[in-house]
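Novice: Questions regarding the structure given below will be posed in turn.
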Amino acid sequence: VKKAEKPFYIENISTNIYSIEELCYYLYNNLYLVDSSLISSKLCTWLEEELELPKLAAKLKPYIGREAGLEEVLYPIFKEINYLAYEELRILNGRIERRNKESEEIREKRKGDALVANKMYVSAIKVYQQLLKKEGLELIRPGLTMSVWHNLGCAYSYLFQMEKAMECFWEAFLTQSDPKELVCYLLAYRSVKKPQEYENRLKELNVSDEVKDTLKKALDEFAQKKEVSI
C-alpha cells in the first residue's frame, strides 16, 4: 500500500502518519478521539492526493463539518484495505454500540482518558476541566465526579505539577471520602510540603493506621512511582 511523501498530522495526539494502515490503527485504538478535527477536508485531500484514494475521500467528504456516526466514517476506511478480520470487526461493532449508548459526559471523560493514554496531558486537562463545569455528573453515573477529579490530578502529576495534583485529589476525596483518594492526596501533599507539615496534616485528618501503612509502602516506592492510580 502506498505511503505518503507528506504525512497527515493528527492534531489530537500531535503525530504524523504516512499510510492508511497507520490511520486504521489510530482509529481502531482511539474511538473516543475521532472528531471533526480528524474527519476534515485536510484528511480527504491527503487521502486523495498523497495516497491516491479518491473514492475513499469522496465517501468521507459528506461528513465533513457535521456530526456523523462512527460506522459511517470508520467502515469505509477499514474496508479500503480489509484492515479488520471478522473477530476484530465483531469486537469493534460491540465497542461502537456501547459508545453510542453512552451519555455525552461519559464520552468526554473517556476522551480525556484516551488523551492521557496518548500522553497528551495538557489536552486531557482541558477536557476534564470543561467536564467538571457541568452539573449533574453524579446523576449520570455515581462516582463520576470523583473519577474525573482523580484523573485530572493524575494528568497534572504526569506534568509534575504536584500542587495542582494535590488539590484535585483532595476534591476527589471530598466527593466520596474514598480512602484511595486520601492516599493519593497525601502522597501529593508529601511531595510538595515539608516532612513536619506532612506529619501535622496526618494528625489534622486523623488518618487511620491502615491508610498510614498504605502511605508508607507507597513512599518506599516513590522514586519509581509518582502517583497511585486507580
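Each chain in the C-alpha cells gets a letter, A, B, ..., in the order shown, and its residues are numbered from 1; ligands are numbered from 1 in order too.
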Any idea what's packed within 10 Å of Thr214 of chain A, counting only C-alpha atoms, ignoring anything in its chain fewer than 6 positions away? Could you give it as a ChimeraX atom specification?
Specialist: /A:179-180,183
Novice: Go ahead and write the selection's residues with N, CA, C and O atoms as a compact mmCIF listing (two decimals), in the first residue's frame.
Specialist:
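As a result, part_24.txt now contains:
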```txt
# COMPACT_ATOMS: atom_id res chain seq x y z
N PRO A 179 -10.87 6.17 50.76
CA PRO A 179 -9.50 6.10 51.31
C PRO A 179 -8.42 6.13 50.23
O PRO A 179 -7.33 6.65 50.46
N LYS A 180 -8.71 5.57 49.06
CA LYS A 180 -7.73 5.58 47.97
C LYS A 180 -7.42 7.01 47.53
O LYS A 180 -6.28 7.34 47.21
N VAL A 183 -5.20 8.65 50.08
CA VAL A 183 -3.81 8.22 49.88
C VAL A 183 -3.17 9.05 48.77
O VAL A 183 -2.04 9.56 48.92
```
Novice: Can you list, as a VMD selection string, every protein, DNA or RNA residue that comes within 9 Å of Leu70 of chain A when you count only C-alpha atoms, leaving out same-chain residues fewer than 3 positions away?
Specialist: chain A and resid 31 34 73 to 75 96 100
Novice: Using only N, CA, C and O atoms, please write the residues we just selected to a file, as a compact mmCIF listing (two decimals), in the first residue's frame.
Specialist:
```
# COMPACT_ATOMS: atom_id res chain seq x y z
N LEU A 31 -11.22 5.29 19.52
CA LEU A 31 -12.58 5.64 19.09
C LEU A 31 -13.03 6.98 19.67
O LEU A 31 -13.77 7.73 19.03
N VAL A 34 -12.01 10.29 17.73
CA VAL A 34 -12.48 10.52 16.36
C VAL A 34 -13.47 11.68 16.40
O VAL A 34 -14.58 11.55 16.91
N VAL A 73 -18.01 6.74 9.16
CA VAL A 73 -16.68 7.20 8.78
C VAL A 73 -15.60 6.12 8.93
O VAL A 73 -14.61 6.13 8.20
N LEU A 74 -15.80 5.21 9.86
CA LEU A 74 -14.78 4.19 10.10
C LEU A 74 -14.81 3.06 9.08
O LEU A 74 -13.77 2.66 8.55
N TYR A 75 -15.99 2.54 8.83
CA TYR A 75 -16.09 1.34 7.98
C TYR A 75 -15.53 1.55 6.57
O TYR A 75 -14.85 0.66 6.05
N ILE A 96 -18.44 0.15 19.41
CA ILE A 96 -19.20 1.28 18.86
C ILE A 96 -20.61 1.32 19.44
O ILE A 96 -21.13 2.38 19.80
N ASN A 100 -22.20 4.36 21.57
CA ASN A 100 -23.41 5.05 21.12
C ASN A 100 -24.45 5.17 22.23
O ASN A 100 -25.28 6.07 22.21
```
Novice: In Å, with one decimal, what is the gap from atom CA of Tyr26 of chain A to atom CA of Leu38 of chain A?
Specialist: 10.8 Å
Novice: Could you please write out, as number ranges by chain, every residue of segment 88-163 of chain A that DSSP assigns to helix (DSSP H, G or I)?
Specialist: A: 88-101, 104-117, 121-132, 137-140, 144-158, 162-163
Novice: Give me, please, the distance in Å between atom CA of Gly65 of chain A and atom CA of Ala114 of chain A, quoted to one decimal.
Specialist: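 One can read the atom CA of Gly65 of chain A to atom CA of Ala114 of chain A distance as 22.5 Å.
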Novice: Kindly indicate which residue among A:Asp113, A:Met146, A:Glu21, A:Glu108 lies nearest to Leu131 of chain A, using only C-alpha atoms for the distances.
Specialist: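 The closest residue to Leu131 of chain A is A:Glu108.
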Novice: Would you please work out which residue, of A:Val116, A:Leu27, A:Cys168, A:Ala58, is nearest to Gly153 of chain A when using only C-alpha atoms?
Specialist: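 Under the stated criterion, the closest residue is A:Cys168.
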Novice: Between A:Arg66, A:Lys55, A:Arg107, A:His150, which is the closest to Gln176 of chain A once you count only C-alpha atoms?
Specialist: A:His150
Novice: Give the strand (DSSP E or B) residues of segment 9-114 of chain A, as DSSP finds them on the backbone, and put them as a list of chain:residue names.
Specialist: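 Going through segment 9-114 of chain A, the strand (DSSP E or B) residues come out as A:Tyr9, A:Ile10, A:Thr15, A:Asn16, A:Ile17.
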Novice: Figure out the distance between atom CA of Tyr185 of chain A and atom CA of Asp220 of chain A, please, to one decimal in Å.
Specialist: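 Separation between atom CA of Asp220 of chain A and atom CA of Tyr185 of chain A: 16.4 Å.
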